[in-house]
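Trainee: Just dropping this structure here.
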Amino acid sequence: MSLTLGQVDRDEALLEVVAELHGDTRADFLRTAALGSGALLAALAAPASASAAVTDLQILNFGLRFERLQASFYTEADSVGTVGKMAPRKQRWAEVLGEHERAHVRIIKKILGSKAGKRPFFDFHGVTETEDSFTRTTVAMEDLTVALLAGVTPQVHDRRLTAALFGLLTVEARHAAWARNIVKTTPAARSFDEPRSLDNVKEAVAHTRFIVARPRMTRRRRSPRFTG
Amino acid sequence: MGASTRGQALRAAAAGGVAVGVGAVAGGWLRPQPTAGKASPAQDARIFNFLLVLEQAQAALYDAALRSGALQGDLLAYARIVAPQEHDHVDFLRRKLGAEAGTTPKLDFGPATSDPKRFQAAAIDLEEATAAAYIGQGANLTRGSVADAARIVAVEARHAAWIRDLAGADPAPRAADPPRSARDVLSELRRKGYLR
């Protein structure tokens, strides 16, 4: 099975980012380009921007926000019953990834102490409700996390933090490879993982609209969506 | 209080993790190698030469297994994709090291090159050892080299998860991966007879 970004990116959020960065032609090309091709990953990595210096605190707080997003994503997929309906091997995968992301939230929160940002509200727009959309979004999110950590690890100033981030980067890379093997796409598509800057990933996350200003009123919709 | 709290949390994390409140990840929060000096180009070269040995060992295992013709199916597909990636890592480190690059070590994988089960076990050994070695050395590198190491270790971790999944082992056994020292990694490879 060859995944394309158009399939993974239900709300076309990542494609929108790419379109902004490179113009529409590039995004159209990516819509159909097989996931894992060098061209796609290179485009996702975005042009190397002369990024302004970011502080360790900014890196950690965005890391916390992103880990919370992922942890909530897995937790919701579990609570709405999507994980429970999956085959045992896949169920185990979703449960382990959820456990790890929740552990990462606890670790980063502990490091930040009183400087930890508030927990945001999430709305996954029904993506957690079917196995297919959950799985595809997971593949995209785990690869995005690898790119984020590969990008910010060299940016941190505190060397103890550098050491710690290496140990999280490899776990996120394991998640990404595991997810890719489950959907039968190459777990290691290239020799070097492409880094993405903090701002670049922030923008991608903003475009998913998974983080919202206030809590969702209902946890589950009573009728199926017809827009997905 | 933020800075000191954060410093305390990091120290607690570095000291072994109970204070982090996440027992499962305790191993992943060890301090950098105490013998490491301040990051410098000379230290980068020592570290890259150590990592070069591991990249060469991986490339050699995959080359020999592919030559033997013993691999089939998923294992063959794995080795075919991973072998050139390890060669890219070897070439990259050699280019960085230039004249300072060490010579190719003497390696011996015995039956691991012709018996799929043993190949699987050896590949897991090497991928795990390499990922842990990068984690152990990452913070000792200069900033530019940290960026290089991050791009490579992510791929090593992908390999580790992939081969573990093929072997029916848990691809991601911990929430945070622990570092390993160079001495520890090299003595394992010698004990197992891979490195002469």
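In the structure tokens, chains take the letters A, B, ... in the order shown, each chain's residues start at 1, and ligands count up from 1 in the order shown.
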Please return, as a list in words, all residues of chain B lying within 6 Å of chain A when only C-alpha atoms are considered.

Mentor: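 Per the criterion, chain B yields Gly2, Arg6, Ala9, Trp29, Gln85, Ile135, Ala139, Arg143, Val146, Ala147, Ala150, Arg151, Ile152, Ala154, Ala157, Arg158, Ala161, Ala172, Ala175, Ala176 and Asp177 of chain B.
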
Trainee: With C-alpha atoms kept, could you save the residues just selected as a PDB file, in the first residue's frame?

Mentor:
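Below is the file that was written, out31.pdb:
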ATOM      1  CA  GLY B   2      11.245  28.399  37.502  1.00  0.00           C
ATOM      2  CA  ARG B   6      13.749  23.118  36.235  1.00  0.00           C
ATOM      3  CA  ALA B   9      13.997  18.379  37.803  1.00  0.00           C
ATOM      4  CA  TRP B  29      17.644   9.918  31.922  1.00  0.00           C
ATOM      5  CA  GLN B  85      21.476   3.596   4.416  1.00  0.00           C
ATOM      6  CA  ILE B 135      22.171   8.729  22.636  1.00  0.00           C
ATOM      7  CA  ALA B 139      25.279  15.723  24.242  1.00  0.00           C
ATOM      8  CA  ARG B 143      26.239  21.894  18.149  1.00  0.00           C
ATOM      9  CA  VAL B 146      24.546  17.286  17.357  1.00  0.00           C
ATOM     10  CA  ALA B 147      22.430  18.142  14.312  1.00  0.00           C
ATOM     11  CA  ALA B 150      20.151  13.606  15.454  1.00  0.00           C
ATOM     12  CA  ARG B 151      19.433  13.023  11.764  1.00  0.00           C
ATOM     13  CA  ILE B 152      21.286   9.704  11.842  1.00  0.00           C
ATOM     14  CA  ALA B 154      16.491   8.750  14.169  1.00  0.00           C
ATOM     15  CA  ALA B 157      15.996   3.877  15.802  1.00  0.00           C
ATOM     16  CA  ARG B 158      13.680   3.323  12.837  1.00  0.00           C
ATOM     17  CA  ALA B 161      11.968  -0.782  15.567  1.00  0.00           C
ATOM     18  CA  ALA B 172       9.393   0.488  21.207  1.00  0.00           C
ATOM     19  CA  ALA B 175       9.014   5.572  26.754  1.00  0.00           C
ATOM     20  CA  ALA B 176      12.569   6.954  26.702  1.00  0.00           C
ATOM     21  CA  ASP B 177      15.621   5.133  25.353  1.00  0.00           C
TER      22      ASP B 177
END

Trainee: Go through segment 67-184 of chain A and collect every residue that DSSP, computed from the backbone, puts in helix (DSSP H, G or I); the answer should be as a PyMOL selection string.

Mentor: chain A and resi 67-79+83-85+88-115+127-129+131-155+159-182

Trainee: Store the residues picked out above, limited to C-alpha atoms, as a compact mmCIF listing (two decimals), in the first residue's frame.

Mentor:
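Output contents, as saved in out16.txt:
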# COMPACT_ATOMS: atom_id res chain seq x y z
CA GLU A 67 3.07 15.72 23.35
CA ARG A 68 -0.25 16.64 24.99
CA LEU A 69 -1.86 16.77 21.59
CA GLN A 70 -0.56 13.31 20.76
CA ALA A 71 -1.40 11.83 24.16
CA SER A 72 -4.96 13.19 23.91
CA PHE A 73 -5.26 11.86 20.38
CA TYR A 74 -4.44 8.28 21.48
CA THR A 75 -6.52 8.56 24.64
CA GLU A 76 -9.54 9.72 22.66
CA ALA A 77 -9.13 6.96 20.04
CA ASP A 78 -9.15 4.52 22.93
CA SER A 79 -12.14 6.05 24.76
CA VAL A 83 -8.59 1.06 19.43
CA GLY A 84 -10.72 -1.70 20.95
CA LYS A 85 -12.04 -2.68 17.53
CA PRO A 88 -4.70 -7.42 18.49
CA ARG A 89 -1.31 -6.51 17.00
CA LYS A 90 -2.53 -3.08 16.04
CA GLN A 91 -4.33 -2.61 19.33
CA ARG A 92 -1.10 -3.22 21.18
CA TRP A 93 0.63 -0.68 18.96
CA ALA A 94 -1.96 2.05 19.64
CA GLU A 95 -1.91 1.35 23.37
CA VAL A 96 1.89 1.45 23.65
CA LEU A 97 2.13 4.69 21.68
CA GLY A 98 -0.54 6.25 23.92
CA GLU A 99 1.29 5.15 27.08
CA HIS A 100 4.56 6.58 25.81
CA GLU A 101 3.11 9.95 24.80
CA ARG A 102 1.41 10.27 28.19
CA ALA A 103 4.76 9.48 29.84
CA HIS A 104 6.45 12.15 27.71
CA VAL A 105 3.88 14.69 28.90
CA ARG A 106 4.66 13.81 32.52
CA ILE A 107 8.42 14.05 31.93
CA ILE A 108 8.32 17.44 30.21
CA LYS A 109 5.84 18.82 32.75
CA LYS A 110 8.15 17.76 35.55
CA ILE A 111 11.12 19.45 33.91
CA LEU A 112 9.17 22.67 33.30
CA GLY A 113 7.70 22.77 36.80
CA SER A 114 5.86 26.06 37.32
CA LYS A 115 6.85 27.22 33.83
CA VAL A 127 -10.33 11.69 13.07
CA THR A 128 -10.05 9.35 16.09
CA GLU A 129 -13.35 7.70 15.29
CA GLU A 131 -9.43 3.04 12.34
CA ASP A 132 -8.41 4.28 8.93
CA SER A 133 -8.28 8.00 9.70
CA PHE A 134 -6.76 7.37 13.12
CA THR A 135 -3.98 5.24 11.64
CA ARG A 136 -3.16 7.58 8.78
CA THR A 137 -3.04 10.63 11.02
CA THR A 138 -0.83 8.73 13.46
CA VAL A 139 1.73 7.98 10.76
CA ALA A 140 1.85 11.65 9.78
CA MET A 141 2.03 12.86 13.40
CA GLU A 142 4.80 10.49 14.44
CA ASP A 143 6.93 11.44 11.43
CA LEU A 144 6.29 15.10 12.24
CA THR A 145 7.45 14.53 15.84
CA VAL A 146 10.69 12.94 14.64
CA ALA A 147 11.32 15.94 12.39
CA LEU A 148 10.56 18.35 15.25
CA LEU A 149 12.93 16.62 17.68
CA ALA A 150 15.65 16.31 15.03
CA GLY A 151 15.22 20.07 14.50
CA VAL A 152 15.16 21.29 18.10
CA THR A 153 17.66 18.91 19.73
CA PRO A 154 20.67 20.84 18.30
CA GLN A 155 18.99 24.12 19.36
CA ARG A 159 23.37 19.86 27.63
CA ARG A 160 21.39 17.66 30.03
CA LEU A 161 18.37 18.51 27.98
CA THR A 162 20.22 17.58 24.78
CA ALA A 163 20.98 14.17 26.27
CA ALA A 164 17.36 13.68 27.32
CA LEU A 165 15.96 14.75 23.94
CA PHE A 166 18.11 12.16 22.14
CA GLY A 167 16.39 9.45 24.19
CA LEU A 168 12.96 10.80 23.24
CA LEU A 169 13.88 11.31 19.59
CA THR A 170 14.71 7.63 19.20
CA VAL A 171 11.42 6.60 20.80
CA GLU A 172 9.46 8.84 18.43
CA ALA A 173 11.44 7.39 15.52
CA ARG A 174 10.53 3.89 16.72
CA HIS A 175 6.87 4.92 16.84
CA ALA A 176 7.07 6.32 13.32
CA ALA A 177 8.75 3.17 11.97
CA TRP A 178 6.29 0.90 13.77
CA ALA A 179 3.33 2.91 12.44
CA ARG A 180 4.73 2.78 8.93
CA ASN A 181 5.33 -0.96 9.11
CA ILE A 182 1.73 -1.42 10.22

Trainee: Just the residues within 12 Å of Asp88 of chain B, please, counting only C-alpha atoms, with nothing from its chain fewer than 6 positions along; format it as a VMD selection string.

Mentor: (chain A and resid 190 to 192) or (chain B and resid 52 55 to 56 58 to 59 81 to 82 94 to 95 152 155)

Trainee: With N, CA and C atoms retained, write the just-selected residues as an mmCIF file, in the first residue's frame.

Mentor:
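Result file is part_1.cif:
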data_model
loop_
_atom_site.group_PDB
_atom_site.id
_atom_site.type_symbol
_atom_site.label_atom_id
_atom_site.label_comp_id
_atom_site.auth_asym_id
_atom_site.auth_seq_id
_atom_site.Cartn_x
_atom_site.Cartn_y
_atom_site.Cartn_z
ATOM 1 N N ARG A 190 14.541 7.026 4.218
ATOM 2 C CA ARG A 190 15.767 7.661 3.731
ATOM 3 C C ARG A 190 16.892 7.507 4.743
ATOM 4 N N SER A 191 18.104 7.817 4.306
ATOM 5 C CA SER A 191 19.282 7.590 5.147
ATOM 6 C C SER A 191 19.413 8.582 6.296
ATOM 7 N N PHE A 192 18.848 9.761 6.116
ATOM 8 C CA PHE A 192 18.933 10.802 7.148
ATOM 9 C C PHE A 192 17.536 11.393 7.335
ATOM 10 N N LEU B 52 31.671 5.459 13.812
ATOM 11 C CA LEU B 52 32.030 4.903 12.498
ATOM 12 C C LEU B 52 32.208 3.387 12.579
ATOM 13 N N GLU B 55 28.750 1.907 12.525
ATOM 14 C CA GLU B 55 28.126 2.007 11.195
ATOM 15 C C GLU B 55 28.760 0.994 10.237
ATOM 16 N N GLN B 56 30.079 0.833 10.352
ATOM 17 C CA GLN B 56 30.764 -0.140 9.495
ATOM 18 C C GLN B 56 30.326 -1.562 9.828
ATOM 19 N N GLN B 58 27.432 -2.496 11.015
ATOM 20 C CA GLN B 58 26.088 -2.716 10.474
ATOM 21 C C GLN B 58 26.138 -2.951 8.970
ATOM 22 N N ALA B 59 26.866 -2.082 8.266
ATOM 23 C CA ALA B 59 26.956 -2.221 6.806
ATOM 24 C C ALA B 59 27.520 -3.598 6.456
ATOM 25 N N ILE B 81 16.927 -2.387 1.972
ATOM 26 C CA ILE B 81 16.732 -0.946 2.189
ATOM 27 C C ILE B 81 17.738 -0.394 3.198
ATOM 28 N N VAL B 82 17.998 -1.194 4.241
ATOM 29 C CA VAL B 82 18.834 -0.687 5.333
ATOM 30 C C VAL B 82 20.326 -0.664 4.966
ATOM 31 N N ARG B 94 32.908 9.304 7.374
ATOM 32 C CA ARG B 94 34.261 9.339 6.783
ATOM 33 C C ARG B 94 34.567 10.719 6.212
ATOM 34 N N ARG B 95 33.559 11.294 5.528
ATOM 35 C CA ARG B 95 33.762 12.631 4.945
ATOM 36 C C ARG B 95 33.995 13.662 6.045
ATOM 37 N N ILE B 152 20.899 11.114 12.043
ATOM 38 C CA ILE B 152 21.286 9.704 11.842
ATOM 39 C C ILE B 152 20.626 8.805 12.885
ATOM 40 N N VAL B 155 17.227 7.512 12.221
ATOM 41 C CA VAL B 155 17.161 6.427 11.238
ATOM 42 C C VAL B 155 17.577 5.098 11.882
#

Trainee: Mind checking which residues fall within 8 Å of Ala39 of chain B, counting only C-alpha atoms, ignoring those fewer than 3 positions away in the same chain, and posting them as an MDAnalysis selection string?

Mentor: chainID B and resid 43:44 140:142

Trainee: Work out how far atom CA of Ala122 of chain B is from atom CA of Leu166 of chain B, in Å to one decimal.

Mentor: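 Between atom CA of Leu166 of chain B and atom CA of Ala122 of chain B the gap works out to 13.2 Å.
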
Trainee: Using only C-alpha atoms, can you tell me which of B:Ala131, B:Ile124, B:Ala169, B:Val185 comes closest to Leu61 of chain B?

Mentor: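 Between B:Ala131, B:Ile124, B:Ala169, B:Val185, the residue approaching Leu61 of chain B most closely is B:Ile124.
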
Trainee: Could you list, as a PyMOL selection string, every residue within 7 Å of Lys106 of chain B, counting only C-alpha atoms and ignoring same-chain residues fewer than 2 positions away?

Mentor: chain B and resi 104+108+195-196

Trainee: Quick one: distance from atom CA of Arg174 of chain B to atom CA of Tyr78 of chain B in Å, one decimal?

Mentor: 22.9 Å

Trainee: Take atom CA of Leu198 of chain A and atom CA of Phe62 of chain A and report the distance between them in Å, one decimal.

Mentor: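 So the answer is 8.0 Å.
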
Trainee: Would you kindly return, as a list in words, each protein, DNA or RNA residue with an atom no farther than 10 Å from any atom of Tyr62 of chain B, considering only C-alpha atoms and excluding same-chain residues fewer than 4 positions away?

Mentor: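 Skipping anything fewer than 4 positions along the chain leaves Ala57, Gln58, Leu66, Arg67, Ser68, Leu76, Tyr78, Ala79, Arg80, Ile81, Val82, Ala83, Pro84, Glu86, His87, Ala112, Thr113, Phe119 and Ala123 of chain B.
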